[in-house]
file upload_3.cif (mmCIF, N, CA and C atoms)
data_upload
#
loop_
_atom_site.label_atom_id
_atom_site.label_comp_id
_atom_site.auth_asym_id
_atom_site.auth_seq_id
_atom_site.Cartn_x
_atom_site.Cartn_y
_atom_site.Cartn_z
N MET A 1 0.85 -1.16 0.00
CA MET A 1 0.00 0.00 0.00
C MET A 1 0.90 1.23 0.00
N GLN A 2 0.52 2.24 -0.73
CA GLN A 2 1.32 3.44 -0.82
C GLN A 2 1.25 4.22 0.48
N GLU A 3 2.30 5.04 0.74
CA GLU A 3 2.35 5.80 1.98
C GLU A 3 1.17 6.75 2.11
N SER A 4 0.74 7.37 1.01
CA SER A 4 -0.39 8.30 1.09
C SER A 4 -1.67 7.56 1.48
N GLN A 5 -1.83 6.33 0.98
CA GLN A 5 -3.00 5.54 1.37
C GLN A 5 -2.91 5.16 2.84
N GLN A 6 -1.71 4.82 3.33
CA GLN A 6 -1.54 4.50 4.74
C GLN A 6 -1.87 5.70 5.61
N ALA A 7 -1.42 6.87 5.21
CA ALA A 7 -1.72 8.08 5.97
C ALA A 7 -3.22 8.34 5.98
N GLN A 8 -3.87 8.09 4.84
CA GLN A 8 -5.31 8.28 4.76
C GLN A 8 -6.02 7.29 5.70
N HIS A 9 -5.56 6.03 5.71
CA HIS A 9 -6.13 5.03 6.62
C HIS A 9 -5.96 5.49 8.06
N ALA A 10 -4.76 5.96 8.40
CA ALA A 10 -4.49 6.39 9.77
C ALA A 10 -5.39 7.56 10.15
N GLN A 11 -5.57 8.49 9.23
CA GLN A 11 -6.40 9.64 9.52
C GLN A 11 -7.86 9.22 9.71
N ILE A 12 -8.35 8.36 8.85
CA ILE A 12 -9.75 7.92 8.93
C ILE A 12 -9.99 7.03 10.14
N LEU A 13 -9.06 6.11 10.38
CA LEU A 13 -9.30 5.08 11.38
C LEU A 13 -8.59 5.32 12.69
N GLY A 14 -7.73 6.31 12.76
CA GLY A 14 -7.11 6.67 14.02
C GLY A 14 -5.91 5.84 14.41
N SER A 15 -5.29 5.09 13.52
CA SER A 15 -4.11 4.31 13.84
C SER A 15 -2.88 5.13 13.49
N ALA A 16 -1.97 5.29 14.43
CA ALA A 16 -0.81 6.16 14.24
C ALA A 16 0.16 5.63 13.18
N ASP A 17 0.29 4.31 13.05
CA ASP A 17 1.26 3.75 12.12
C ASP A 17 0.64 3.27 10.82
N GLY A 18 -0.64 3.54 10.59
CA GLY A 18 -1.28 3.11 9.37
C GLY A 18 -1.83 1.70 9.43
N GLY A 19 -1.61 1.00 10.54
CA GLY A 19 -2.12 -0.36 10.71
C GLY A 19 -3.54 -0.32 11.25
N PRO A 20 -4.05 -1.49 11.58
CA PRO A 20 -5.43 -1.55 12.08
C PRO A 20 -5.56 -0.84 13.42
N PRO A 21 -6.71 -0.24 13.70
CA PRO A 21 -6.92 0.40 14.99
C PRO A 21 -6.86 -0.64 16.10
N ILE A 22 -5.99 -0.44 17.06
CA ILE A 22 -5.83 -1.44 18.12
C ILE A 22 -6.54 -1.04 19.40
N ASP A 23 -7.11 0.16 19.43
CA ASP A 23 -7.78 0.61 20.65
C ASP A 23 -9.26 0.27 20.66
N ASP A 24 -9.73 -0.42 19.66
CA ASP A 24 -11.14 -0.80 19.57
C ASP A 24 -11.32 -2.24 20.00
N ASP A 25 -12.59 -2.62 20.17
CA ASP A 25 -12.90 -4.03 20.39
C ASP A 25 -12.47 -4.82 19.17
N TYR A 26 -12.04 -6.08 19.39
CA TYR A 26 -11.60 -6.91 18.29
C TYR A 26 -12.72 -7.05 17.27
N MET A 27 -12.41 -6.73 16.04
CA MET A 27 -13.30 -6.75 14.89
C MET A 27 -14.53 -5.88 15.12
N GLY A 28 -14.29 -4.74 15.76
CA GLY A 28 -15.32 -3.72 15.87
C GLY A 28 -15.46 -2.99 14.55
N PRO A 29 -16.34 -2.02 14.48
CA PRO A 29 -16.61 -1.33 13.22
C PRO A 29 -15.38 -0.67 12.59
N ARG A 30 -14.52 -0.05 13.38
CA ARG A 30 -13.35 0.61 12.79
C ARG A 30 -12.35 -0.41 12.25
N GLN A 31 -12.15 -1.51 12.95
CA GLN A 31 -11.23 -2.54 12.45
C GLN A 31 -11.79 -3.18 11.19
N LEU A 32 -13.08 -3.47 11.18
CA LEU A 32 -13.69 -4.04 9.98
C LEU A 32 -13.60 -3.08 8.80
N ALA A 33 -13.81 -1.79 9.05
CA ALA A 33 -13.69 -0.80 7.98
C ALA A 33 -12.26 -0.74 7.47
N TYR A 34 -11.30 -0.83 8.38
CA TYR A 34 -9.88 -0.81 7.98
C TYR A 34 -9.58 -2.00 7.06
N PHE A 35 -9.98 -3.21 7.47
CA PHE A 35 -9.68 -4.39 6.66
C PHE A 35 -10.47 -4.41 5.36
N ARG A 36 -11.70 -3.92 5.37
CA ARG A 36 -12.47 -3.82 4.12
C ARG A 36 -11.72 -2.92 3.13
N ARG A 37 -11.24 -1.76 3.60
CA ARG A 37 -10.52 -0.84 2.72
C ARG A 37 -9.22 -1.48 2.22
N LYS A 38 -8.52 -2.18 3.11
CA LYS A 38 -7.27 -2.85 2.73
C LYS A 38 -7.54 -3.91 1.65
N LEU A 39 -8.59 -4.70 1.83
CA LEU A 39 -8.94 -5.73 0.86
C LEU A 39 -9.39 -5.11 -0.47
N LEU A 40 -10.19 -4.07 -0.41
CA LEU A 40 -10.65 -3.42 -1.64
C LEU A 40 -9.49 -2.78 -2.39
N ASP A 41 -8.56 -2.16 -1.66
CA ASP A 41 -7.37 -1.58 -2.31
C ASP A 41 -6.54 -2.67 -2.98
N TRP A 42 -6.35 -3.78 -2.28
CA TRP A 42 -5.56 -4.91 -2.81
C TRP A 42 -6.24 -5.45 -4.06
N ARG A 43 -7.56 -5.61 -3.98
CA ARG A 43 -8.34 -6.11 -5.12
C ARG A 43 -8.18 -5.19 -6.32
N SER A 44 -8.28 -3.89 -6.09
CA SER A 44 -8.15 -2.91 -7.16
C SER A 44 -6.76 -2.99 -7.80
N THR A 45 -5.73 -3.14 -6.99
CA THR A 45 -4.36 -3.26 -7.51
C THR A 45 -4.21 -4.50 -8.38
N LEU A 46 -4.74 -5.63 -7.91
CA LEU A 46 -4.64 -6.87 -8.68
C LEU A 46 -5.38 -6.76 -10.01
N LEU A 47 -6.56 -6.13 -9.99
CA LEU A 47 -7.31 -5.97 -11.23
C LEU A 47 -6.58 -5.07 -12.21
N ALA A 48 -5.95 -4.01 -11.71
CA ALA A 48 -5.18 -3.12 -12.58
C ALA A 48 -3.99 -3.87 -13.19
N GLU A 49 -3.32 -4.70 -12.39
CA GLU A 49 -2.20 -5.49 -12.91
C GLU A 49 -2.69 -6.48 -13.96
N ALA A 50 -3.85 -7.08 -13.74
CA ALA A 50 -4.40 -8.02 -14.71
C ALA A 50 -4.72 -7.31 -16.02
N ASP A 51 -5.29 -6.12 -15.92
CA ASP A 51 -5.59 -5.34 -17.13
C ASP A 51 -4.31 -5.02 -17.90
N ALA A 52 -3.26 -4.64 -17.17
CA ALA A 52 -1.99 -4.31 -17.81
C ALA A 52 -1.40 -5.54 -18.49
N THR A 53 -1.50 -6.70 -17.84
CA THR A 53 -0.99 -7.93 -18.43
C THR A 53 -1.75 -8.27 -19.71
N LEU A 54 -3.06 -8.16 -19.66
CA LEU A 54 -3.87 -8.44 -20.86
C LEU A 54 -3.52 -7.48 -21.99
N ALA A 55 -3.35 -6.22 -21.66
CA ALA A 55 -3.00 -5.24 -22.69
C ALA A 55 -1.66 -5.58 -23.32
N GLU A 56 -0.72 -6.00 -22.49
CA GLU A 56 0.61 -6.37 -23.01
C GLU A 56 0.53 -7.62 -23.88
N LEU A 57 -0.28 -8.59 -23.48
CA LEU A 57 -0.41 -9.81 -24.27
C LEU A 57 -1.11 -9.55 -25.60
N ARG A 58 -2.00 -8.56 -25.62
CA ARG A 58 -2.72 -8.23 -26.87
C ARG A 58 -1.87 -7.39 -27.82
N ASP A 59 -0.84 -6.76 -27.30
CA ASP A 59 0.01 -5.88 -28.11
C ASP A 59 0.67 -6.70 -29.21
N ASP A 60 0.41 -6.35 -30.44
CA ASP A 60 0.94 -7.09 -31.59
C ASP A 60 2.38 -6.73 -31.95
N SER A 61 2.93 -5.67 -31.39
CA SER A 61 4.27 -5.24 -31.80
C SER A 61 5.34 -6.28 -31.48
N HIS A 62 5.12 -7.11 -30.45
CA HIS A 62 6.13 -8.12 -30.11
C HIS A 62 6.13 -9.29 -31.08
N HIS A 63 5.14 -9.42 -31.93
CA HIS A 63 5.11 -10.52 -32.89
C HIS A 63 6.12 -10.34 -34.02
N GLU A 64 6.66 -9.15 -34.15
CA GLU A 64 7.59 -8.87 -35.24
C GLU A 64 9.01 -9.32 -34.94
N VAL A 65 9.24 -9.82 -33.73
CA VAL A 65 10.58 -10.30 -33.37
C VAL A 65 10.86 -11.56 -34.17
N GLY A 66 11.97 -11.55 -34.92
CA GLY A 66 12.25 -12.66 -35.80
C GLY A 66 13.20 -13.70 -35.24
N ASP A 67 14.01 -13.34 -34.30
CA ASP A 67 15.01 -14.24 -33.75
C ASP A 67 14.34 -15.30 -32.88
N GLU A 68 14.77 -16.57 -33.04
CA GLU A 68 14.17 -17.66 -32.26
C GLU A 68 14.38 -17.49 -30.77
N ALA A 69 15.56 -17.04 -30.37
CA ALA A 69 15.84 -16.85 -28.95
C ALA A 69 14.95 -15.76 -28.36
N ASP A 70 14.74 -14.69 -29.11
CA ASP A 70 13.86 -13.61 -28.65
C ASP A 70 12.42 -14.10 -28.52
N ARG A 71 11.99 -14.90 -29.49
CA ARG A 71 10.63 -15.45 -29.42
C ARG A 71 10.48 -16.38 -28.23
N ALA A 72 11.50 -17.20 -27.98
CA ALA A 72 11.46 -18.12 -26.84
C ALA A 72 11.41 -17.34 -25.53
N ASN A 73 12.20 -16.29 -25.45
CA ASN A 73 12.18 -15.46 -24.24
C ASN A 73 10.82 -14.81 -24.04
N ARG A 74 10.24 -14.31 -25.15
CA ARG A 74 8.92 -13.68 -25.07
C ARG A 74 7.87 -14.69 -24.61
N GLU A 75 7.92 -15.89 -25.17
CA GLU A 75 6.94 -16.91 -24.80
C GLU A 75 7.10 -17.33 -23.34
N ALA A 76 8.34 -17.43 -22.86
CA ALA A 76 8.57 -17.77 -21.45
C ALA A 76 8.02 -16.67 -20.55
N ALA A 77 8.24 -15.43 -20.92
CA ALA A 77 7.74 -14.30 -20.14
C ALA A 77 6.21 -14.29 -20.14
N GLN A 78 5.60 -14.60 -21.28
CA GLN A 78 4.14 -14.65 -21.36
C GLN A 78 3.59 -15.78 -20.49
N ALA A 79 4.27 -16.92 -20.49
CA ALA A 79 3.82 -18.04 -19.66
C ALA A 79 3.89 -17.65 -18.18
N LEU A 80 4.94 -16.96 -17.79
CA LEU A 80 5.06 -16.50 -16.40
C LEU A 80 3.95 -15.50 -16.08
N ASP A 81 3.68 -14.58 -17.00
CA ASP A 81 2.61 -13.61 -16.80
C ASP A 81 1.26 -14.31 -16.62
N LEU A 82 1.02 -15.34 -17.42
CA LEU A 82 -0.25 -16.06 -17.32
C LEU A 82 -0.36 -16.84 -16.00
N ARG A 83 0.75 -17.42 -15.54
CA ARG A 83 0.73 -18.12 -14.25
C ARG A 83 0.47 -17.12 -13.12
N THR A 84 1.12 -15.97 -13.21
CA THR A 84 0.90 -14.93 -12.19
C THR A 84 -0.54 -14.47 -12.21
N ARG A 85 -1.08 -14.29 -13.40
CA ARG A 85 -2.48 -13.87 -13.54
C ARG A 85 -3.43 -14.91 -12.95
N ASP A 86 -3.12 -16.20 -13.12
CA ASP A 86 -3.94 -17.25 -12.54
C ASP A 86 -3.87 -17.20 -11.01
N ARG A 87 -2.68 -16.97 -10.46
CA ARG A 87 -2.55 -16.84 -9.00
C ARG A 87 -3.36 -15.64 -8.51
N HIS A 88 -3.31 -14.54 -9.26
CA HIS A 88 -4.08 -13.35 -8.90
C HIS A 88 -5.58 -13.65 -8.96
N ARG A 89 -6.00 -14.41 -9.95
CA ARG A 89 -7.43 -14.77 -10.06
C ARG A 89 -7.87 -15.53 -8.82
N LYS A 90 -7.05 -16.48 -8.38
CA LYS A 90 -7.38 -17.24 -7.17
C LYS A 90 -7.38 -16.34 -5.95
N LEU A 91 -6.43 -15.42 -5.88
CA LEU A 91 -6.36 -14.49 -4.77
C LEU A 91 -7.56 -13.55 -4.75
N LEU A 92 -8.03 -13.14 -5.94
CA LEU A 92 -9.23 -12.30 -6.00
C LEU A 92 -10.43 -13.02 -5.39
N GLY A 93 -10.52 -14.32 -5.62
CA GLY A 93 -11.60 -15.10 -5.01
C GLY A 93 -11.50 -15.10 -3.49
N LYS A 94 -10.27 -15.21 -2.99
CA LYS A 94 -10.06 -15.18 -1.53
C LYS A 94 -10.38 -13.80 -0.96
N ILE A 95 -10.03 -12.76 -1.71
CA ILE A 95 -10.34 -11.39 -1.26
C ILE A 95 -11.85 -11.20 -1.21
N ASP A 96 -12.55 -11.64 -2.26
CA ASP A 96 -14.01 -11.53 -2.27
C ASP A 96 -14.63 -12.30 -1.12
N ALA A 97 -14.09 -13.49 -0.83
CA ALA A 97 -14.62 -14.29 0.29
C ALA A 97 -14.37 -13.58 1.62
N ALA A 98 -13.21 -12.92 1.76
CA ALA A 98 -12.91 -12.18 2.99
C ALA A 98 -13.89 -11.01 3.15
N ILE A 99 -14.18 -10.32 2.05
CA ILE A 99 -15.15 -9.22 2.12
C ILE A 99 -16.53 -9.76 2.50
N ASP A 100 -16.89 -10.92 1.98
CA ASP A 100 -18.16 -11.55 2.36
C ASP A 100 -18.17 -11.87 3.85
N ARG A 101 -17.01 -12.32 4.38
CA ARG A 101 -16.94 -12.61 5.83
C ARG A 101 -17.08 -11.34 6.65
N ILE A 102 -16.55 -10.23 6.15
CA ILE A 102 -16.75 -8.95 6.84
C ILE A 102 -18.24 -8.65 6.89
N ASP A 103 -18.92 -8.85 5.76
CA ASP A 103 -20.36 -8.57 5.67
C ASP A 103 -21.19 -9.46 6.58
N ASP A 104 -20.77 -10.74 6.73
CA ASP A 104 -21.59 -11.64 7.55
C ASP A 104 -21.13 -11.72 9.01
N GLY A 105 -20.08 -10.97 9.35
CA GLY A 105 -19.64 -10.90 10.75
C GLY A 105 -18.66 -11.97 11.18
N SER A 106 -18.19 -12.81 10.25
CA SER A 106 -17.27 -13.88 10.63
C SER A 106 -15.81 -13.55 10.36
N TYR A 107 -15.53 -12.38 9.80
CA TYR A 107 -14.15 -12.01 9.46
C TYR A 107 -13.34 -11.84 10.75
N GLY A 108 -12.12 -12.38 10.70
CA GLY A 108 -11.21 -12.22 11.83
C GLY A 108 -11.29 -13.34 12.84
N TRP A 109 -12.19 -14.26 12.63
CA TRP A 109 -12.37 -15.38 13.55
C TRP A 109 -11.99 -16.68 12.85
N CYS A 110 -11.26 -17.52 13.55
CA CYS A 110 -10.76 -18.78 12.98
C CYS A 110 -11.92 -19.69 12.61
N GLU A 111 -11.90 -20.19 11.38
CA GLU A 111 -12.95 -21.11 10.91
C GLU A 111 -12.94 -22.42 11.67
N GLU A 112 -11.79 -22.81 12.17
CA GLU A 112 -11.65 -24.11 12.83
C GLU A 112 -11.95 -24.04 14.32
N THR A 113 -11.42 -23.01 15.00
CA THR A 113 -11.52 -22.95 16.46
C THR A 113 -12.50 -21.91 16.97
N GLY A 114 -12.84 -20.93 16.13
CA GLY A 114 -13.70 -19.84 16.57
C GLY A 114 -12.96 -18.77 17.36
N GLU A 115 -11.66 -18.95 17.53
CA GLU A 115 -10.83 -17.98 18.25
C GLU A 115 -10.45 -16.83 17.31
N PRO A 116 -10.06 -15.68 17.89
CA PRO A 116 -9.58 -14.58 17.04
C PRO A 116 -8.34 -14.98 16.24
N ILE A 117 -8.29 -14.59 14.98
CA ILE A 117 -7.11 -14.83 14.15
C ILE A 117 -5.98 -13.92 14.60
N GLY A 118 -6.31 -12.71 14.97
CA GLY A 118 -5.32 -11.75 15.45
C GLY A 118 -5.02 -10.67 14.44
N LEU A 119 -4.85 -9.45 14.95
CA LEU A 119 -4.62 -8.31 14.07
C LEU A 119 -3.31 -8.43 13.30
N ALA A 120 -2.25 -8.90 13.95
CA ALA A 120 -0.96 -8.99 13.26
C ALA A 120 -1.04 -9.96 12.09
N ARG A 121 -1.68 -11.10 12.30
CA ARG A 121 -1.82 -12.08 11.21
C ARG A 121 -2.68 -11.52 10.09
N LEU A 122 -3.78 -10.87 10.43
CA LEU A 122 -4.66 -10.30 9.42
C LEU A 122 -3.99 -9.14 8.68
N GLU A 123 -3.16 -8.39 9.38
CA GLU A 123 -2.43 -7.31 8.71
C GLU A 123 -1.48 -7.90 7.68
N ALA A 124 -0.81 -9.00 8.03
CA ALA A 124 0.13 -9.64 7.12
C ALA A 124 -0.59 -10.42 6.02
N ARG A 125 -1.71 -11.04 6.35
CA ARG A 125 -2.44 -11.88 5.39
C ARG A 125 -3.94 -11.63 5.59
N PRO A 126 -4.47 -10.56 5.00
CA PRO A 126 -5.86 -10.17 5.25
C PRO A 126 -6.90 -11.20 4.82
N VAL A 127 -6.51 -12.20 4.02
CA VAL A 127 -7.46 -13.22 3.59
C VAL A 127 -7.39 -14.47 4.47
N ALA A 128 -6.62 -14.40 5.56
CA ALA A 128 -6.47 -15.56 6.44
C ALA A 128 -7.82 -15.99 7.01
N THR A 129 -8.01 -17.30 7.10
CA THR A 129 -9.26 -17.84 7.67
C THR A 129 -8.99 -18.66 8.92
N LEU A 130 -7.71 -18.91 9.20
CA LEU A 130 -7.34 -19.73 10.34
C LEU A 130 -6.37 -18.97 11.24
N CYS A 131 -6.46 -19.20 12.55
CA CYS A 131 -5.48 -18.64 13.46
C CYS A 131 -4.15 -19.39 13.23
N VAL A 132 -3.07 -18.87 13.77
CA VAL A 132 -1.75 -19.45 13.54
C VAL A 132 -1.72 -20.92 13.96
N GLU A 133 -2.25 -21.24 15.12
CA GLU A 133 -2.21 -22.61 15.62
C GLU A 133 -2.97 -23.57 14.71
N ALA A 134 -4.15 -23.17 14.27
CA ALA A 134 -4.94 -24.02 13.38
C ALA A 134 -4.25 -24.18 12.03
N GLN A 135 -3.63 -23.11 11.53
CA GLN A 135 -2.90 -23.18 10.26
C GLN A 135 -1.72 -24.14 10.39
N GLU A 136 -1.01 -24.06 11.51
CA GLU A 136 0.12 -24.97 11.73
C GLU A 136 -0.34 -26.43 11.78
N ARG A 137 -1.47 -26.68 12.46
CA ARG A 137 -2.01 -28.06 12.50
C ARG A 137 -2.38 -28.54 11.11
N ARG A 138 -3.00 -27.67 10.31
CA ARG A 138 -3.39 -28.04 8.95
C ARG A 138 -2.16 -28.37 8.11
N GLU A 139 -1.13 -27.54 8.19
CA GLU A 139 0.09 -27.78 7.42
C GLU A 139 0.78 -29.05 7.87
N LEU A 140 0.76 -29.35 9.16
CA LEU A 140 1.35 -30.60 9.68
C LEU A 140 0.59 -31.79 9.12
N ARG A 141 -0.73 -31.75 9.14
CA ARG A 141 -1.55 -32.84 8.59
C ARG A 141 -1.24 -33.04 7.09
N GLU A 142 -1.13 -31.92 6.36
CA GLU A 142 -0.85 -32.01 4.93
C GLU A 142 0.52 -32.64 4.68
N ARG A 143 1.51 -32.26 5.49
CA ARG A 143 2.85 -32.86 5.33
C ARG A 143 2.81 -34.35 5.64
N GLN A 144 2.07 -34.74 6.69
CA GLN A 144 1.99 -36.14 7.06
C GLN A 144 1.25 -36.93 5.99
N THR A 145 0.21 -36.35 5.41
CA THR A 145 -0.55 -37.01 4.36
C THR A 145 0.30 -37.20 3.11
N SER A 146 1.05 -36.17 2.74
CA SER A 146 1.86 -36.28 1.51
C SER A 146 3.08 -37.17 1.71
N ALA A 147 3.56 -37.29 2.93
CA ALA A 147 4.73 -38.13 3.21
C ALA A 147 4.34 -39.60 3.36
N GLY A 148 3.12 -39.84 3.77
CA GLY A 148 2.70 -41.20 4.06
C GLY A 148 1.87 -41.75 3.03
#
call {"tool": "encode", "arguments": {"input": "upload_3.cif", "output": "structure tokens"}}
result
Amino acid sequence: MQESQQAQHAQILGSADGGPPIDDDYMGPRQLAYFRRKLLDWRSTLLAEADATLAELRDDSHHEVGDEADRANREAAQALDLRTRDRHRKLLGKIDAAIDRIDDGSYGWCEETGEPIGLARLEARPVATLCVEAQERRELRERQTSAG
């Protein structure tokens, strides 16, 4: 997030460092508004990047490159762009689901335990659905399943 956006968040929500308001009740209206804005800003950034990628892929000027090595490099770059775009598409779904959780009142609460996920975790990963302990248990189960 840009510094000006952080300053705007701090001014609107009252957080001195641009992070979530910590003087409110957990997932109170100001914290929910902060995370909604953070998610919407992230979503907007991803959509703008996707539009830029599509515009670049549609640009016909790169088709005039005649050298095989240049074409191979261009195709590898396009494949990477498409993989990144697919990851962004999946992330957009998670962002939309997080906004839905804000709307239904379940945002910020662990899906597995019902405990708070925590402001620090949500600041780092606003689409998180599990608290740290539940996420660690899930990852341990996945490792055991894939190893066995």
call {"tool": "resolve_selection", "arguments": {"input": "upload_3.cif", "expression": "the PyMOL selection byres ((chain A and resi 27-40) around 7)", "output": "CSV table (one decimal) with N, CA and C atoms, keeping the file's coordinate frame"}}
result
chain,number,residue,atom,x,y,z
A,13,LEU,N,-9.1,6.1,10.4
A,13,LEU,CA,-9.3,5.1,11.4
A,13,LEU,C,-8.6,5.3,12.7
A,20,PRO,N,-4.0,-1.5,11.6
A,20,PRO,CA,-5.4,-1.6,12.1
A,20,PRO,C,-5.6,-0.8,13.4
A,21,PRO,N,-6.7,-0.2,13.7
A,21,PRO,CA,-6.9,0.4,15.0
A,21,PRO,C,-6.9,-0.6,16.1
A,24,ASP,N,-9.7,-0.4,19.7
A,24,ASP,CA,-11.1,-0.8,19.6
A,24,ASP,C,-11.3,-2.2,20.0
A,25,ASP,N,-12.6,-2.6,20.2
A,25,ASP,CA,-12.9,-4.0,20.4
A,25,ASP,C,-12.5,-4.8,19.2
A,26,TYR,N,-12.0,-6.1,19.4
A,26,TYR,CA,-11.6,-6.9,18.3
A,26,TYR,C,-12.7,-7.0,17.3
A,41,ASP,N,-8.6,-2.2,-1.7
A,41,ASP,CA,-7.4,-1.6,-2.3
A,41,ASP,C,-6.5,-2.7,-3.0
A,42,TRP,N,-6.4,-3.8,-2.3
A,42,TRP,CA,-5.6,-4.9,-2.8
A,42,TRP,C,-6.2,-5.4,-4.1
A,43,ARG,N,-7.6,-5.6,-4.0
A,43,ARG,CA,-8.3,-6.1,-5.1
A,43,ARG,C,-8.2,-5.2,-6.3
A,44,SER,N,-8.3,-3.9,-6.1
A,44,SER,CA,-8.2,-2.9,-7.2
A,44,SER,C,-6.8,-3.0,-7.8
A,45,THR,N,-5.7,-3.1,-7.0
A,45,THR,CA,-4.4,-3.3,-7.5
A,45,THR,C,-4.2,-4.5,-8.4
A,95,ILE,N,-10.0,-12.8,-1.7
A,95,ILE,CA,-10.3,-11.4,-1.3
A,95,ILE,C,-11.8,-11.2,-1.2
A,99,ILE,N,-14.2,-10.3,2.0
A,99,ILE,CA,-15.2,-9.2,2.1
A,99,ILE,C,-16.5,-9.8,2.5
A,102,ILE,N,-16.6,-10.2,6.2
A,102,ILE,CA,-16.8,-9.0,6.8
A,102,ILE,C,-18.2,-8.6,6.9
A,107,TYR,N,-15.5,-12.4,9.8
A,107,TYR,CA,-14.2,-12.0,9.5
A,107,TYR,C,-13.3,-11.8,10.8
A,108,GLY,N,-12.1,-12.4,10.7
A,108,GLY,CA,-11.2,-12.2,11.8
A,108,GLY,C,-11.3,-13.3,12.8
A,126,PRO,N,-4.5,-10.6,5.0
A,126,PRO,CA,-5.9,-10.2,5.2
A,126,PRO,C,-6.9,-11.2,4.8
call {"tool": "atom_distance", "arguments": {"input": "upload_3.cif", "atom1": "atom C of Ser106 of chain A", "atom2": "atom CA of Lys90 of chain A"}}
result
19.8 Å
call {"tool": "closest_residue", "arguments": {"input": "upload_3.cif", "among": "A:Ala69, A:Ala77, A:Asp51, A:Leu119", "to": "Asp23 of chain A", "atoms": "only C-alpha atoms"}}
result
A:Leu119
call {"tool": "residues_around", "arguments": {"input": "upload_3.cif", "residues": "Gln78 of chain A", "least_positions_apart": "5", "cutoff": "10 Å", "atoms": "only C-alpha atoms", "output": "PDB file with N, CA and C atoms, in the frame of the given file"}}
result
ATOM      1  N   THR A  53      -1.500  -6.700 -17.840  1.00  0.00           N
ATOM      2  CA  THR A  53      -0.990  -7.930 -18.430  1.00  0.00           C
ATOM      3  C   THR A  53      -1.750  -8.270 -19.710  1.00  0.00           C
ATOM      4  N   GLU A  56      -0.720  -6.000 -22.490  1.00  0.00           N
ATOM      5  CA  GLU A  56       0.610  -6.370 -23.010  1.00  0.00           C
ATOM      6  C   GLU A  56       0.530  -7.620 -23.880  1.00  0.00           C
ATOM      7  N   LEU A  57      -0.280  -8.590 -23.480  1.00  0.00           N
ATOM      8  CA  LEU A  57      -0.410  -9.810 -24.270  1.00  0.00           C
ATOM      9  C   LEU A  57      -1.110  -9.550 -25.600  1.00  0.00           C
ATOM     10  N   ALA A  72      11.500 -17.200 -27.980  1.00  0.00           N
ATOM     11  CA  ALA A  72      11.460 -18.120 -26.840  1.00  0.00           C
ATOM     12  C   ALA A  72      11.410 -17.340 -25.530  1.00  0.00           C
ATOM     13  N   ASN A  73      12.200 -16.290 -25.450  1.00  0.00           N
ATOM     14  CA  ASN A  73      12.180 -15.460 -24.240  1.00  0.00           C
ATOM     15  C   ASN A  73      10.820 -14.810 -24.040  1.00  0.00           C
ATOM     16  N   ARG A  83       0.750 -17.420 -15.540  1.00  0.00           N
ATOM     17  CA  ARG A  83       0.730 -18.120 -14.250  1.00  0.00           C
ATOM     18  C   ARG A  83       0.470 -17.120 -13.120  1.00  0.00           C
ATOM     19  N   THR A  84       1.120 -15.970 -13.210  1.00  0.00           N
ATOM     20  CA  THR A  84       0.900 -14.930 -12.190  1.00  0.00           C
ATOM     21  C   THR A  84      -0.540 -14.470 -12.210  1.00  0.00           C
TER      22      THR A  84
END
call {"tool": "atom_distance", "arguments": {"input": "upload_3.cif", "atom1": "atom N of Cys131 of chain A", "atom2": "atom N of Gly118 of chain A"}}
result
6.9 Å
call {"tool": "atom_distance", "arguments": {"input": "upload_3.cif", "atom1": "atom CA of Thr129 of chain A", "atom2": "atom CA of Cys110 of chain A"}}
result
5.6 Å
call {"tool": "select_by_dssp", "arguments": {"input": "upload_3.cif", "residues": "segment 89-139 of chain A", "states": "alpha helix (DSSP H)", "output": "ChimeraX atom specification"}}
result
/A:89-104,119-124,132-139
call {"tool": "decode", "arguments": {"input": "upload_3.cif", "residues": "segment 29-55 of chain A", "atoms": "C-alpha atoms", "output": "short mmCIF file (atom, residue, chain, number, x, y, z; two decimals), in the first residue's frame"}}
result
data_model
loop_
_atom_site.label_atom_id
_atom_site.label_comp_id
_atom_site.auth_asym_id
_atom_site.auth_seq_id
_atom_site.Cartn_x
_atom_site.Cartn_y
_atom_site.Cartn_z
CA PRO A 29 -16.61 -1.33 13.22
CA ARG A 30 -13.35 0.61 12.79
CA GLN A 31 -11.23 -2.54 12.45
CA LEU A 32 -13.69 -4.04 9.98
CA ALA A 33 -13.69 -0.80 7.98
CA TYR A 34 -9.88 -0.81 7.98
CA PHE A 35 -9.68 -4.39 6.66
CA ARG A 36 -12.47 -3.82 4.12
CA ARG A 37 -10.52 -0.84 2.72
CA LYS A 38 -7.27 -2.85 2.73
CA LEU A 39 -8.94 -5.73 0.86
CA LEU A 40 -10.65 -3.42 -1.64
CA ASP A 41 -7.37 -1.58 -2.31
CA TRP A 42 -5.56 -4.91 -2.81
CA ARG A 43 -8.34 -6.11 -5.12
CA SER A 44 -8.15 -2.91 -7.16
CA THR A 45 -4.36 -3.26 -7.51
CA LEU A 46 -4.64 -6.87 -8.68
CA LEU A 47 -7.31 -5.97 -11.23
CA ALA A 48 -5.18 -3.12 -12.58
CA GLU A 49 -2.20 -5.49 -12.91
CA ALA A 50 -4.40 -8.02 -14.71
CA ASP A 51 -5.59 -5.34 -17.13
CA ALA A 52 -1.99 -4.31 -17.81
CA THR A 53 -0.99 -7.93 -18.43
CA LEU A 54 -3.87 -8.44 -20.86
CA ALA A 55 -3.00 -5.24 -22.69
#
